[in-house]
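**Q** So I've got this file, input-v9.csv, and it contains CSV, C-alpha atoms:
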```csv
chain,number,residue,atom,x,y,z
A,1,MET,CA,-154.9,-52.2,93.2
A,2,LEU,CA,-151.3,-51.4,93.9
A,3,LYS,CA,-150.2,-54.4,91.8
A,4,THR,CA,-152.3,-53.1,88.9
A,5,ILE,CA,-150.9,-49.6,89.2
A,6,LEU,CA,-147.3,-50.9,89.2
A,7,LYS,CA,-148.0,-53.1,86.2
A,8,ARG,CA,-149.4,-50.2,84.3
A,9,VAL,CA,-146.5,-48.0,85.1
A,10,LEU,CA,-144.0,-50.7,83.9
A,11,GLN,CA,-146.0,-51.2,80.7
A,12,SER,CA,-145.8,-47.4,80.0
A,13,ILE,CA,-142.0,-47.4,80.0
A,14,PRO,CA,-141.6,-49.0,76.5
A,15,THR,CA,-144.3,-46.6,75.2
A,16,LEU,CA,-142.4,-43.5,76.4
A,17,PHE,CA,-139.2,-44.9,75.1
A,18,ILE,CA,-140.8,-45.3,71.6
A,19,VAL,CA,-142.2,-41.7,71.8
A,20,ILE,CA,-138.7,-40.4,72.7
A,21,THR,CA,-137.1,-42.2,69.8
A,22,ILE,CA,-139.7,-41.3,67.2
A,23,THR,CA,-139.7,-37.6,68.3
A,24,PHE,CA,-135.9,-37.5,68.2
A,25,ILE,CA,-135.9,-38.9,64.6
A,26,LEU,CA,-138.7,-36.6,63.4
A,27,THR,CA,-137.2,-33.4,64.8
A,28,ARG,CA,-133.9,-34.2,63.0
A,29,MET,CA,-135.9,-34.5,59.8
A,30,ILE,CA,-137.2,-30.9,60.0
A,31,PRO,CA,-135.5,-28.9,57.2
A,32,GLY,CA,-133.1,-26.2,58.3
A,33,ASN,CA,-130.3,-25.6,60.8
A,34,PRO,CA,-131.2,-24.5,64.3
A,35,ALA,CA,-128.0,-22.5,64.7
A,36,LEU,CA,-128.5,-20.7,61.4
A,37,THR,CA,-132.2,-20.0,62.3
A,38,MET,CA,-131.1,-18.5,65.6
A,39,LEU,CA,-128.2,-16.3,64.2
A,40,GLY,CA,-130.0,-15.4,60.9
A,41,PRO,CA,-129.2,-16.1,57.3
A,42,GLN,CA,-126.4,-13.5,57.1
A,43,ALA,CA,-124.5,-14.9,60.1
A,44,PRO,CA,-120.8,-15.8,59.4
A,45,LYS,CA,-120.0,-19.5,58.9
A,46,GLU,CA,-117.6,-19.5,61.8
A,47,ALA,CA,-120.3,-18.2,64.2
A,48,VAL,CA,-122.8,-20.8,63.0
A,49,GLU,CA,-120.2,-23.6,63.5
A,50,GLN,CA,-119.4,-22.3,67.0
A,51,LEU,CA,-123.0,-22.3,68.0
A,52,GLU,CA,-123.5,-25.8,66.6
A,53,GLU,CA,-120.6,-26.9,68.8
A,54,GLU,CA,-122.1,-25.3,71.9
A,55,LEU,CA,-125.5,-26.9,71.2
A,56,GLY,CA,-124.0,-30.3,70.4
A,57,LEU,CA,-125.4,-30.2,66.9
A,58,ASN,CA,-122.0,-31.0,65.3
A,59,LYS,CA,-122.0,-34.5,66.9
A,60,SER,CA,-123.4,-37.5,65.1
A,61,LYS,CA,-127.1,-38.3,65.4
A,62,GLY,CA,-126.3,-41.4,67.5
A,63,GLU,CA,-124.2,-39.3,69.9
A,64,GLN,CA,-127.0,-36.7,70.1
A,65,TYR,CA,-129.6,-39.4,70.8
A,66,MET,CA,-127.5,-41.0,73.6
A,67,MET,CA,-127.0,-37.5,75.1
A,68,TYR,CA,-130.7,-36.9,75.0
A,69,LEU,CA,-131.5,-40.2,76.7
A,70,LYS,CA,-129.0,-39.5,79.5
A,71,GLN,CA,-130.7,-36.1,80.0
A,72,ILE,CA,-134.2,-37.7,80.2
A,73,LEU,CA,-133.1,-40.4,82.6
A,74,SER,CA,-131.6,-37.8,84.9
A,75,GLY,CA,-134.9,-35.9,84.8
A,76,ASP,CA,-133.5,-33.1,82.6
A,77,PHE,CA,-135.7,-32.1,79.6
A,78,GLY,CA,-132.9,-30.0,78.2
A,79,LYS,CA,-132.6,-26.3,77.5
A,80,SER,CA,-134.6,-24.4,74.8
A,81,TYR,CA,-132.4,-22.9,72.1
A,82,SER,CA,-134.9,-20.1,71.2
A,83,TYR,CA,-136.0,-19.1,74.7
A,84,ASN,CA,-132.7,-19.8,76.4
A,85,GLN,CA,-134.6,-21.4,79.4
A,86,PRO,CA,-134.9,-24.9,80.7
A,87,VAL,CA,-137.6,-26.7,78.8
A,88,ILE,CA,-139.4,-27.9,81.9
A,89,GLU,CA,-139.7,-24.3,83.2
A,90,LEU,CA,-141.3,-23.2,79.9
A,91,ILE,CA,-143.7,-26.2,80.0
A,92,MET,CA,-144.7,-25.4,83.6
A,93,GLU,CA,-145.4,-21.8,82.6
A,94,ARG,CA,-147.7,-22.7,79.8
A,95,VAL,CA,-149.5,-25.8,81.2
A,96,PRO,CA,-151.9,-23.8,83.4
A,97,ASN,CA,-153.1,-21.9,80.4
A,98,THR,CA,-153.6,-25.0,78.3
A,99,LEU,CA,-155.4,-26.8,81.2
A,100,LEU,CA,-157.7,-23.8,81.7
A,101,ILE,CA,-159.3,-24.1,78.3
A,102,THR,CA,-158.9,-27.9,78.2
A,103,LEU,CA,-160.7,-28.6,81.5
A,104,THR,CA,-163.3,-25.9,80.9
A,105,SER,CA,-164.2,-27.2,77.4
A,106,LEU,CA,-164.3,-30.7,78.7
A,107,LEU,CA,-166.7,-29.7,81.6
A,108,ILE,CA,-169.0,-28.0,79.1
A,109,ALA,CA,-168.8,-31.1,76.8
A,110,LEU,CA,-169.5,-33.5,79.6
A,111,VAL,CA,-172.5,-31.7,81.1
A,112,LEU,CA,-174.2,-30.9,77.7
A,113,GLY,CA,-173.2,-34.1,76.0
A,114,VAL,CA,-174.4,-36.4,78.9
A,115,MET,CA,-177.7,-34.5,79.2
A,116,ALA,CA,-178.3,-34.7,75.5
A,117,GLY,CA,-177.5,-38.5,75.5
A,118,ILE,CA,-179.9,-39.1,78.4
A,119,ILE,CA,-182.7,-37.2,76.8
A,120,SER,CA,-182.2,-39.0,73.5
A,121,ALA,CA,-182.3,-42.4,75.3
A,122,ILE,CA,-185.4,-41.5,77.2
A,123,LYS,CA,-187.1,-40.2,74.1
A,124,GLN,CA,-185.7,-42.7,71.6
A,125,TYR,CA,-186.8,-42.2,68.0
A,126,SER,CA,-188.5,-38.9,68.8
A,127,MET,CA,-187.8,-35.7,66.9
A,128,LEU,CA,-185.6,-34.5,69.8
A,129,ASP,CA,-183.6,-37.7,69.6
A,130,TYR,CA,-183.0,-37.3,65.9
A,131,ILE,CA,-182.0,-33.6,66.3
A,132,PHE,CA,-179.5,-34.4,69.0
A,133,MET,CA,-177.9,-37.3,67.1
A,134,VAL,CA,-177.6,-35.3,63.9
A,135,ILE,CA,-176.0,-32.4,65.8
A,136,ALA,CA,-173.7,-35.0,67.5
A,137,LEU,CA,-172.7,-36.5,64.1
A,138,ILE,CA,-171.9,-33.0,62.7
A,139,GLY,CA,-169.9,-32.2,65.9
A,140,VAL,CA,-167.8,-35.4,65.5
A,141,SER,CA,-167.2,-34.8,61.8
A,142,MET,CA,-166.3,-31.2,62.0
A,143,PRO,CA,-162.5,-30.4,61.9
A,144,ILE,CA,-161.4,-28.2,64.8
A,145,PHE,CA,-159.4,-25.8,62.7
A,146,TRP,CA,-162.4,-25.2,60.4
A,147,MET,CA,-164.7,-24.7,63.3
A,148,GLY,CA,-162.3,-22.3,64.9
A,149,LEU,CA,-162.0,-20.2,61.7
A,150,MET,CA,-165.8,-20.1,61.3
A,151,LEU,CA,-166.3,-19.0,64.9
A,152,VAL,CA,-163.7,-16.2,64.4
A,153,LEU,CA,-165.3,-15.1,61.1
A,154,VAL,CA,-168.9,-15.0,62.5
A,155,PHE,CA,-168.6,-13.9,66.1
A,156,SER,CA,-165.5,-11.7,65.9
A,157,VAL,CA,-165.2,-10.4,62.4
A,158,ASN,CA,-168.8,-10.1,61.2
A,159,LEU,CA,-170.7,-9.6,64.5
A,160,GLY,CA,-167.9,-8.2,66.7
A,161,TRP,CA,-169.4,-9.8,69.8
A,162,LEU,CA,-166.3,-11.6,71.1
A,163,PRO,CA,-162.5,-11.2,70.9
A,164,ALA,CA,-160.7,-13.5,68.5
A,165,MET,CA,-157.2,-13.6,70.0
A,166,GLY,CA,-155.4,-13.6,73.3
A,167,MET,CA,-156.2,-14.7,76.8
A,168,GLY,CA,-157.6,-11.6,78.4
A,169,ASP,CA,-156.4,-9.9,81.6
A,170,ILE,CA,-158.1,-10.3,85.0
A,171,GLY,CA,-157.0,-6.7,85.7
A,172,ASN,CA,-159.6,-5.6,83.1
A,173,GLY,CA,-162.3,-7.5,84.9
A,174,LEU,CA,-163.6,-11.1,84.9
A,175,TRP,CA,-165.6,-10.7,81.8
A,176,ASP,CA,-162.5,-9.9,79.8
A,177,VAL,CA,-161.1,-13.3,80.7
A,178,ILE,CA,-164.4,-15.1,80.1
A,179,SER,CA,-165.0,-13.4,76.8
A,180,HIS,CA,-161.6,-14.5,75.5
A,181,MET,CA,-162.3,-18.1,76.6
A,182,ILE,CA,-165.8,-18.5,75.0
A,183,LEU,CA,-164.7,-19.2,71.4
A,184,PRO,CA,-161.7,-21.4,72.0
A,185,CYS,CA,-163.6,-23.4,74.7
A,186,PHE,CA,-166.6,-23.9,72.5
A,187,CYS,CA,-164.4,-24.9,69.6
A,188,LEU,CA,-162.5,-27.4,71.7
A,189,SER,CA,-165.7,-28.9,73.2
A,190,THR,CA,-167.5,-29.7,70.0
A,191,ILE,CA,-166.0,-33.2,69.4
A,192,PRO,CA,-166.0,-34.4,73.0
A,193,MET,CA,-169.6,-33.1,73.4
A,194,ALA,CA,-170.8,-35.1,70.5
A,195,THR,CA,-168.9,-38.2,71.6
A,196,PHE,CA,-170.4,-38.0,75.1
A,197,ALA,CA,-173.9,-37.6,73.7
A,198,ARG,CA,-173.5,-40.7,71.5
A,199,ILE,CA,-171.9,-42.9,74.1
A,200,THR,CA,-174.3,-41.8,76.8
A,201,ARG,CA,-177.3,-42.6,74.6
A,202,SER,CA,-176.0,-46.0,73.7
A,203,SER,CA,-175.1,-46.9,77.3
A,204,MET,CA,-178.4,-45.6,78.7
A,205,LEU,CA,-180.4,-47.6,76.1
A,206,GLU,CA,-178.8,-50.8,77.3
A,207,VAL,CA,-179.6,-49.9,80.9
A,208,VAL,CA,-183.1,-48.4,80.9
A,209,ASN,CA,-184.8,-51.6,79.7
A,210,ASN,CA,-183.0,-53.9,82.1
A,211,ASP,CA,-185.1,-56.0,84.5
A,212,SER,CA,-183.6,-54.2,87.5
A,213,ILE,CA,-184.7,-50.8,86.2
A,214,ARG,CA,-188.2,-52.2,85.4
A,215,ALA,CA,-188.4,-53.5,89.0
A,216,LEU,CA,-187.6,-50.0,90.3
A,217,ARG,CA,-190.4,-48.5,88.2
A,218,ALA,CA,-192.7,-51.2,89.4
A,219,ARG,CA,-191.9,-50.2,93.0
A,220,GLY,CA,-193.3,-46.8,92.3
A,221,LEU,CA,-190.1,-44.8,92.2
A,222,ARG,CA,-190.3,-41.5,90.4
A,223,GLU,CA,-189.0,-41.7,86.8
A,224,SER,CA,-186.4,-38.9,87.5
A,225,VAL,CA,-185.0,-41.0,90.4
A,226,VAL,CA,-184.9,-44.1,88.3
A,227,ILE,CA,-183.0,-42.4,85.5
A,228,TRP,CA,-180.6,-40.1,87.3
A,229,LYS,CA,-179.8,-42.2,90.4
A,230,HIS,CA,-180.0,-45.8,89.2
A,231,ALA,CA,-179.9,-46.0,85.4
A,232,LEU,CA,-177.1,-43.3,85.0
A,233,LYS,CA,-175.0,-45.0,87.7
A,234,ASN,CA,-175.1,-48.3,85.8
A,235,ALA,CA,-174.4,-46.5,82.5
A,236,LEU,CA,-171.3,-44.7,83.9
A,237,PRO,CA,-168.4,-47.1,83.1
A,238,PRO,CA,-168.3,-46.4,79.3
A,239,ILE,CA,-168.7,-42.7,79.9
A,240,VAL,CA,-165.8,-42.7,82.4
A,241,THR,CA,-163.6,-44.5,79.8
A,242,VAL,CA,-164.5,-42.0,77.1
A,243,LEU,CA,-163.9,-39.1,79.6
A,244,GLY,CA,-160.3,-40.2,80.1
A,245,LEU,CA,-159.7,-40.5,76.4
A,246,GLN,CA,-161.4,-37.2,75.6
A,247,LEU,CA,-159.3,-35.4,78.3
A,248,ALA,CA,-156.1,-36.6,76.7
A,249,THR,CA,-157.4,-35.8,73.2
A,250,ALA,CA,-158.6,-32.4,74.2
A,251,PHE,CA,-155.2,-31.7,75.8
A,252,THR,CA,-153.4,-32.4,72.5
A,253,GLY,CA,-156.2,-30.9,70.4
A,254,ALA,CA,-155.6,-27.6,72.2
A,255,ILE,CA,-152.5,-27.2,70.0
A,256,LEU,CA,-154.7,-26.3,67.0
A,257,THR,CA,-157.2,-24.3,69.0
A,258,GLU,CA,-154.5,-22.3,70.7
A,259,SER,CA,-152.8,-21.6,67.3
A,260,ILE,CA,-156.1,-20.3,65.8
A,261,PHE,CA,-157.0,-18.1,68.8
A,262,ALA,CA,-153.4,-17.1,69.8
A,263,TRP,CA,-154.0,-18.6,73.2
A,264,PRO,CA,-150.7,-18.5,75.2
A,265,GLY,CA,-150.5,-22.2,76.0
A,266,MET,CA,-148.4,-25.2,75.0
A,267,GLY,CA,-149.9,-25.3,71.6
A,268,THR,CA,-148.6,-21.9,70.5
A,269,MET,CA,-145.3,-22.7,72.1
A,270,ILE,CA,-144.7,-25.9,70.2
A,271,VAL,CA,-145.6,-24.3,66.9
A,272,SER,CA,-143.1,-21.6,67.7
A,273,ALA,CA,-140.5,-24.3,68.6
A,274,ILE,CA,-141.1,-26.0,65.2
A,275,ASP,CA,-140.6,-22.7,63.3
A,276,ASN,CA,-137.4,-22.1,65.2
A,277,ARG,CA,-136.1,-25.7,64.9
A,278,ASP,CA,-135.9,-25.8,68.7
A,279,TYR,CA,-135.3,-29.5,69.0
A,280,ALA,CA,-135.1,-29.6,72.8
A,281,LEU,CA,-138.4,-27.8,73.3
A,282,ILE,CA,-140.2,-29.9,70.7
A,283,GLN,CA,-139.0,-33.1,72.3
A,284,GLY,CA,-139.8,-31.9,75.8
A,285,VAL,CA,-143.4,-30.9,74.9
A,286,VAL,CA,-144.1,-34.2,73.1
A,287,LEU,CA,-142.6,-36.2,75.9
A,288,PHE,CA,-144.6,-34.3,78.5
A,289,THR,CA,-147.8,-34.8,76.5
A,290,ALA,CA,-147.1,-38.6,76.3
A,291,ILE,CA,-146.6,-38.7,80.0
A,292,VAL,CA,-150.0,-36.9,80.4
A,293,PHE,CA,-151.6,-39.6,78.2
A,294,VAL,CA,-150.1,-42.4,80.3
A,295,VAL,CA,-151.2,-40.8,83.6
A,296,ILE,CA,-154.7,-40.2,82.4
A,297,ASN,CA,-155.1,-43.7,81.2
A,298,LEU,CA,-153.8,-45.0,84.6
A,299,VAL,CA,-156.3,-42.8,86.4
A,300,VAL,CA,-159.1,-44.0,84.1
A,301,ASP,CA,-158.2,-47.7,84.9
A,302,ILE,CA,-158.3,-47.0,88.6
A,303,VAL,CA,-161.6,-45.1,88.5
A,304,TYR,CA,-163.1,-47.8,86.2
A,305,THR,CA,-162.2,-50.5,88.7
A,306,MET,CA,-163.8,-48.5,91.5
A,307,ILE,CA,-167.0,-48.1,89.6
A,308,ASN,CA,-167.1,-51.6,88.3
A,309,PRO,CA,-165.3,-54.0,90.7
A,310,LYS,CA,-165.9,-56.9,88.4
A,311,VAL,CA,-163.3,-55.5,86.0
A,312,ASN,CA,-160.0,-57.4,86.3
A,313,TYR,CA,-157.0,-56.1,84.4
A,314,GLU,CA,-154.8,-59.0,85.4
A,315,ASN,CA,-155.8,-61.2,82.5
A,316,GLY,CA,-154.7,-58.5,80.0
A,317,ASN,CA,-158.1,-57.9,78.3
A,318,GLY,CA,-160.0,-56.2,81.1
A,319,GLY,CA,-161.9,-59.3,82.2
A,320,LYS,CA,-165.2,-57.7,81.2
```
Please express the file's structure as structure tokens.
**A**
Amino acid sequence: MLKTILKRVLQSIPTLFIVITITFILTRMIPGNPALTMLGPQAPKEAVEQLEEELGLNKSKGEQYMMYLKQILSGDFGKSYSYNQPVIELIMERVPNTLLITLTSLLIALVLGVMAGIISAIKQYSMLDYIFMVIALIGVSMPIFWMGLMLVLVFSVNLGWLPAMGMGDIGNGLWDVISHMILPCFCLSTIPMATFARITRSSMLEVVNNDSIRALRARGLRESVVIWKHALKNALPPIVTVLGLQLATAFTGAILTESIFAWPGMGTMIVSAIDNRDYALIQGVVLFTAIVFVVINLVVDIVYTMINPKVNYENGNGGK
């Protein structure tokens, strides 16, 4: 296990290096001058040039790139131009808010999606199966930004049931926080919920008709025990794999969701950083997100190995 973890960590280094390089190149392609954006269009040329020198923007792209690499290798994500704070501090301030809606939406998606997939597998080709799978297809196909706008239009603008923007304040009561979470969490959970439902259905259909499951039924075990204790356990590996991928996807998908609902997380922060040409903050958030992806994939590999000991990652293809 330790050898597998070490191998995965070493394999992630080139990936992170590529992410750093591509992000650096793309940020420098954003139109506009960060110094001019910070000082305003009426700022004197001398002041702009002085700020460029302070920020290191007057150096060549190659020199800026090498400076950035040295910073990253020393564990320094740099300092935000627009916030005038270390990037890592800004990220740590916003990560809990992003994780709050990400984990909540993923929990909702996992519970509802897995239950729908199990019911669909048990009642294959029934009307309920068709309804669940059609809903799942719609959920996978529906863009997050469109779903968010429709939720705001219906439940906030037309009906006035739920707030459309902000995070809420625990000082105003627990319901204030929950009510602000309902729309963004539902919006963010639609795609993973549909994915879980389809994967669970497919995985359960492969398991429920196995000889081992038939033998358990022949022994007189209750159907609920056969399904929830034995069949679901054998169907877990694909679900665990998808869970890791959906967690990483939901974390990055929160950028759109947070922008729509003005949720004070990493999504709104990186949008603000792009508007302000804040190179250091953009690079820091993208790199942090890439690290999250790597860590989640590593955890998924470890959990998958624990669930299915037959899996062997040493041969490079999973050994499945």
**Q** Env of Ile13 in chain A: 12 Å cut, atoms = all atoms listed in the file, seq-sep filter 6 positions within chain, self excluded. Answer as a ChimeraX atom specification.
**A** /A:6-7,19-20,73,287,290-291,294-295
**Q** Would you pick out the contacts of range 253-255 of chain A at 12 Å or less, using all atoms listed in the file, so that residues sharing its chain but fewer than 2 positions from it are not included, and give the list as a count of residues only?
**A** 51
**Q** Excluding Met204 in chain A and any residue of its chain fewer than 2 positions from it, enumerate the residues within 7 Å of it, using only C-alpha atoms, and give them as a list in words.
**A** Ile118, Ala121, Thr200, Arg201, Ser202, Glu206, Val207, Val208, Ala231, Leu232 and Ala235 of chain A
**Q** Go through A:Ala164, A:Ile88, A:Ala197, A:Val48 one by one, measure the shortest atom-to-atom distance of each to Ser120 in chain A using only C-alpha atoms, and give the residue with the smallest value.
**A**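 Smallest separation from Ser120 in chain A among the options: A:Ala197.
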**Q** Measure the distance from CA of Ile178 in chain A to CA of Leu90 in chain A in Å and round it to one decimal.
**A**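 So the two atoms, CA of Ile178 in chain A and CA of Leu90 in chain A, lie 24.5 Å apart.
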**Q** Using only C-alpha atoms, which residues sit within 10 Å of Val226 in chain A once same-chain residues fewer than 4 positions away are excluded, as a list in words?
**A**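 Final neighbour list, sorted by chain and number: Val208, Ile213, Arg214, Leu216, Arg217, Gly220, Leu221, Arg222, His230, Ala231, Leu232 and Lys233 of chain A.
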**Q** When you draw a straight line from CA of Val9 in chain A to CA of Gly284 in chain A, how long is it in Å?
**A**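 These two atoms are separated by 19.8 Å.
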**Q** When distances are computed from all atoms listed in the file, which of A:Met38, A:Phe132, A:Gln64, A:Ile239 shows the smallest separation from Tyr83 in chain A?
**A** A:Met38
**Q** Which residue out of A:Leu57, A:Leu39, A:Ala136, A:Leu69 has the minimum interatomic distance to Ala116 in chain A when only C-alpha atoms are used?
**A**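 Among the listed residues, A:Ala136 lies closest to Ala116 in chain A.
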**Q** Taking only C-alpha atoms into account, which of A:Trp175, A:Tyr81, A:Tyr65, A:Phe17 comes nearest Ile274 in chain A?
**A**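 Distance minimum relative to Ile274 in chain A lands on A:Tyr81.
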**Q** What does the distance between CA of Phe24 in chain A and CA of Asp275 in chain A come to in Å, to one decimal place?
**A**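 According to the coordinates, CA of Phe24 in chain A and CA of Asp275 in chain A are separated by 16.3 Å.
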**Q** Have a look at A:Thr305, A:Ser60, A:Thr27, A:Asn210 and name the one nearest to Asn234 in chain A; count only C-alpha atoms.
**A** A:Asn210
**Q** Taking into account only C-alpha atoms, which residue in the set A:Ile122, A:Val240, A:Leu110, A:Met92 is nearest to Val299 in chain A?
**A**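 Among the listed residues, A:Val240 lies closest to Val299 in chain A.
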**Q** How close does range 168-216 of chain A get to range 160-163 of chain A? List, as a Markdown table, each residue of range 168-216 of chain A within 8 Å, its nearest atom pair and the distance in Å to one decimal, counting all atoms listed in the file.
**A**
```
| residue | atom | partner | partner_atom | distance |
| --- | --- | --- | --- | --- |
| A:Ser179 | CA | A:Leu162 | CA | 6.1 |
| A:His180 | CA | A:Pro163 | CA | 5.7 |
| A:Ile182 | CA | A:Leu162 | CA | 7.9 |
| A:Leu183 | CA | A:Leu162 | CA | 7.8 |
```
**Q** Kindly save the residues from that selection, with C-alpha atoms included, as an mmCIF file, keeping the file's coordinate frame.
**A**
```
data_model
loop_
_atom_site.group_PDB
_atom_site.id
_atom_site.type_symbol
_atom_site.label_atom_id
_atom_site.label_comp_id
_atom_site.auth_asym_id
_atom_site.auth_seq_id
_atom_site.Cartn_x
_atom_site.Cartn_y
_atom_site.Cartn_z
ATOM 1 C CA SER A 179 -165.000 -13.400 76.800
ATOM 2 C CA HIS A 180 -161.600 -14.500 75.500
ATOM 3 C CA ILE A 182 -165.800 -18.500 75.000
ATOM 4 C CA LEU A 183 -164.700 -19.200 71.400
#
```
**Q** Would you mind listing what lies within 8 Å of Ser80 in chain A as a PyMOL selection string, with only C-alpha atoms counted and same-chain residues fewer than 2 positions away left out?
**A** chain A and resi 78+82-87+278-281
